[in-house]
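Data block below; observations after.
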Amino acid sequence: MTHKDCAVELDPARLKRAVRQVEWRDLTQMSLAGGLLEVLHPVPWLIAALTLFHLGWWPLAVLAEFMFFLTALRLNHEAIHHNLGFSAKGHRRVLHGLSLVMLGSNNSVAFNHLRHHRHINTEADLEGKAGRMSLWQVLLYGPLFPLECHWAAMTEGGPAWRRRVMIDLALNMVLPALALGLGLGLLWWHWLTMLAAQCFTALFAVWITHRGCDDSALVARTQRGRMVNAVSYNMFFHLEHHLFPAVPVSRLPELAERLERIEPAFARAIRPVVGR
């Protein structure tokens with residue numbers, strides 16, 4: 001079965017009509033308290049991971065690290081689109097803070113992700129390139145993906161983006177310095193886990209939600225099912241995100257319901273993230 005067989009074809013004109021008709025602006029409002037709650041989502045997972053590393057419970061520690069990285073990606077995503085209810089400077093500070101604990105430059109991710117939205121499925125879409133690869137290709141490409149994102153932001157982003165990336169990379173030195181200075185082995189384990197996670201970002205953050213969606217009005221995959229979306233913190237409502245990037249992730253389930261009420265064919269046409 002080819003990816004063209006994975007979904008009922010949805011006429012792009014029908015999708016555009018549904019997008020124009022759906023009420024979505026009321027879903028974009030985020031209070032300061034709501035934004036702070038979003039910032040706190042990764043914290044319990046990070047504490048759990050470090051505690052489990054300290055106790056020597058490695059498999060559980062790695063699982064907790066995966067959940068930390070997932071929730072940190074969600075927070076990164078919200079900060080990139082200014083969906084936390086903070087000022088522009090406040091959103092940049094969130095990206096800097098995430099760079100400290102996740103490694104790499106989250107501002108380089110921001111540069112390429114915003115360009116991904118503007119130029120999806122074109123030569124300028126560096127982030128989306130992974131979605132056009134096979135599984136084995138994206139696994140091999142994974143370690144190169146963050147390097148290419150950094151290089152693109154540094155060489156094509158202009159002085160402001162270069163300055164933000166350099167701040168992020170300087171913050172990357174904090175954890176190793178603390179690990180050396182305080183003799184905390186668990187920080188080294190966290191650092192190594194984040195290094196590995198960065199190598200799989202192309203797979204989990206791009207390929208899984210964009211594979212086989214290069215020739216359709218449906219430019220991304222989306223998921224139905226409460227359990228999967230609860231575990232993934234609603235990150236798999238990716239098509240809805242592309243249609244309405246100003247809607248916070250926490251409100252994408254409601255947005256999906258509104259779309260399907262206006263255009264029932266939408267539910268039949270979607271390509272699932274998990275499954276087919």
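Order determines the names: the first chain of the structure tokens is A, the second B, and so forth; residues in each chain are numbered 1 upward, and ligands are numbered 1 upward as they are shown.
For segment 156-171 of chain A, the non-local neighbours within 8 Å, defined as residues at least 5 positions apart in the same chain or in other chains and counting only C-alpha atoms, are His96, Ser99, Leu100, Leu103, Gly104, Ser105, Asn106, Asn107, Ser108, Phe111 and His150 of chain A.
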So that I can check the surroundings of Thr71 of chain A, please list as a PDB file with C-alpha atoms, in the first residue's frame every protein, DNA and RNA residue that reaches within 8 Å of it, counting only C-alpha atoms and ignoring chain neighbours fewer than 2 positions away.
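Done, and the output landed in out_21.pdb:
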```pdb
ATOM      1  CA  HIS A  41       4.996  20.395  32.265  1.00  0.00           C
ATOM      2  CA  PRO A  42       8.583  19.126  31.713  1.00  0.00           C
ATOM      3  CA  MET A  67       8.905  12.068  28.491  1.00  0.00           C
ATOM      4  CA  PHE A  68      10.925  15.101  29.569  1.00  0.00           C
ATOM      5  CA  PHE A  69      12.180  15.597  26.022  1.00  0.00           C
ATOM      6  CA  LEU A  73       9.504  19.838  22.681  1.00  0.00           C
ATOM      7  CA  ARG A  74       5.886  20.809  23.290  1.00  0.00           C
ATOM      8  CA  LEU A  75       7.011  23.814  25.334  1.00  0.00           C
ATOM      9  CA  TYR A 233       0.510  15.551  25.345  1.00  0.00           C
TER      10      TYR A 233
END
```
Distance of atom CA of Asn76 of chain A from atom CA of Arg92 of chain A, expressed in Å to one decimal place: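 We find that atom CA of Arg92 of chain A and atom CA of Asn76 of chain A lie 9.8 Å from each other.
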Atom-to-atom span, atom CA of Ile270 of chain A and atom CA of Gly142 of chain A, Å: 26.4 Å
Pairwise distance for atom CA of Leu178 of chain A and atom CA of Gly90 of chain A, rounded to one decimal in Å: 25.3 Å
Which residues of segment 15-122 of chain A come within 12 Å of segment 218-226 of chain A, and for each one, what is the closest pair of atoms and their distance in Å to one decimal, counting only C-alpha atoms, sorted by chain and residue number, as JSON lines?
```
{"residue": "A:Leu15", "atom": "CA", "partner": "A:Leu218", "partner_atom": "CA", "distance": 8.7}
{"residue": "A:Lys16", "atom": "CA", "partner": "A:Leu218", "partner_atom": "CA", "distance": 10.8}
{"residue": "A:His116", "atom": "CA", "partner": "A:Val219", "partner_atom": "CA", "distance": 11.2}
{"residue": "A:His117", "atom": "CA", "partner": "A:Val219", "partner_atom": "CA", "distance": 10.3}
{"residue": "A:His119", "atom": "CA", "partner": "A:Val219", "partner_atom": "CA", "distance": 11.5}
{"residue": "A:Ile120", "atom": "CA", "partner": "A:Val219", "partner_atom": "CA", "distance": 8.0}
{"residue": "A:Asn121", "atom": "CA", "partner": "A:Val219", "partner_atom": "CA", "distance": 8.3}
{"residue": "A:Thr122", "atom": "CA", "partner": "A:Val219", "partner_atom": "CA", "distance": 11.9}
```
Selection export as a PDB file, in the first residue's frame, atoms kept: N, CA and C atoms:
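Output file selection.pdb follows:
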```
ATOM      1  N   LEU A  15     -11.316  21.627   1.940  1.00  0.00           N
ATOM      2  CA  LEU A  15     -10.552  21.878   3.162  1.00  0.00           C
ATOM      3  C   LEU A  15     -10.415  23.375   3.418  1.00  0.00           C
ATOM      4  N   LYS A  16     -10.147  24.138   2.371  1.00  0.00           N
ATOM      5  CA  LYS A  16     -10.002  25.586   2.533  1.00  0.00           C
ATOM      6  C   LYS A  16     -11.314  26.214   2.998  1.00  0.00           C
ATOM      7  N   HIS A 116       9.642  26.336   8.023  1.00  0.00           N
ATOM      8  CA  HIS A 116       8.880  25.140   7.650  1.00  0.00           C
ATOM      9  C   HIS A 116       7.413  25.485   7.416  1.00  0.00           C
ATOM     10  N   HIS A 117       6.834  26.319   8.283  1.00  0.00           N
ATOM     11  CA  HIS A 117       5.436  26.711   8.119  1.00  0.00           C
ATOM     12  C   HIS A 117       5.247  27.585   6.877  1.00  0.00           C
ATOM     13  N   HIS A 119       7.192  27.676   4.127  1.00  0.00           N
ATOM     14  CA  HIS A 119       7.627  27.101   2.850  1.00  0.00           C
ATOM     15  C   HIS A 119       7.507  25.573   2.852  1.00  0.00           C
ATOM     16  N   ILE A 120       6.457  25.058   3.444  1.00  0.00           N
ATOM     17  CA  ILE A 120       6.334  23.612   3.604  1.00  0.00           C
ATOM     18  C   ILE A 120       6.380  22.896   2.253  1.00  0.00           C
ATOM     19  N   ASN A 121       7.145  21.797   2.232  1.00  0.00           N
ATOM     20  CA  ASN A 121       7.298  20.937   1.058  1.00  0.00           C
ATOM     21  C   ASN A 121       7.938  21.646  -0.130  1.00  0.00           C
ATOM     22  N   THR A 122       8.812  22.625   0.172  1.00  0.00           N
ATOM     23  CA  THR A 122       9.610  23.261  -0.878  1.00  0.00           C
ATOM     24  C   THR A 122      11.083  23.050  -0.552  1.00  0.00           C
TER      25      THR A 122
END
```
Close residues, Ala196 of chain A itself excluded, 10 Å, only C-alpha atoms, min 5 positions apart in chain, as a PyMOL selection string: chain A and resi 142-143+190-191+201
Output file for the selection above: N, CA, C and O atoms, as a PDB file, in the first residue's frame:
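Once written, selection21.pdb looks like this:
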```pdb
ATOM      1  N   GLY A 142      19.472  11.408  11.156  1.00  0.00           N
ATOM      2  CA  GLY A 142      19.178  12.013  12.453  1.00  0.00           C
ATOM      3  C   GLY A 142      20.288  12.831  13.085  1.00  0.00           C
ATOM      4  O   GLY A 142      20.066  13.988  13.486  1.00  0.00           O
ATOM      5  N   PRO A 143      21.522  12.311  13.219  1.00  0.00           N
ATOM      6  CA  PRO A 143      22.588  13.111  13.854  1.00  0.00           C
ATOM      7  C   PRO A 143      22.962  14.370  13.076  1.00  0.00           C
ATOM      8  O   PRO A 143      23.474  15.332  13.664  1.00  0.00           O
ATOM      9  N   HIS A 190      22.232  12.728  32.164  1.00  0.00           N
ATOM     10  CA  HIS A 190      21.209  13.556  31.526  1.00  0.00           C
ATOM     11  C   HIS A 190      21.763  14.173  30.240  1.00  0.00           C
ATOM     12  O   HIS A 190      21.084  14.169  29.198  1.00  0.00           O
ATOM     13  N   TRP A 191      22.981  14.667  30.298  1.00  0.00           N
ATOM     14  CA  TRP A 191      23.618  15.295  29.135  1.00  0.00           C
ATOM     15  C   TRP A 191      23.722  14.294  27.985  1.00  0.00           C
ATOM     16  O   TRP A 191      23.390  14.608  26.836  1.00  0.00           O
ATOM     17  N   THR A 201      15.591  13.564  16.843  1.00  0.00           N
ATOM     18  CA  THR A 201      14.569  14.597  16.685  1.00  0.00           C
ATOM     19  C   THR A 201      13.944  14.560  15.295  1.00  0.00           C
ATOM     20  O   THR A 201      12.733  14.759  15.140  1.00  0.00           O
TER      21      THR A 201
END
```
Pick from A:Val101, A:Leu182, A:Glu65, A:Val247 nearest to Phe53 of chain A, counting only C-alpha atoms: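 Distance minimum relative to Phe53 of chain A lands on A:Glu65.
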Please return, as a JSON list (two decimals) with C-alpha atoms, in the first residue's frame, all residues of segment 203-232 of chain A that DSSP assigns to alpha helix (DSSP H) on the basis of the backbone.
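Output saved as part-v8.json:
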```json
[["chain", "number", "residue", "atom", "x", "y", "z"],
["A", 208, "ILE", "CA", 6.45, 10.61, 12.27],
["A", 209, "THR", "CA", 4.01, 13.50, 11.64],
["A", 210, "HIS", "CA", 4.91, 14.31, 8.00],
["A", 226, "ARG", "CA", -7.67, 9.77, 23.84],
["A", 227, "MET", "CA", -5.00, 7.43, 25.18],
["A", 228, "VAL", "CA", -2.43, 8.13, 22.46],
["A", 229, "ASN", "CA", -3.01, 11.86, 22.67],
["A", 230, "ALA", "CA", -2.86, 11.87, 26.47],
["A", 231, "VAL", "CA", 0.52, 10.11, 26.42]]
```
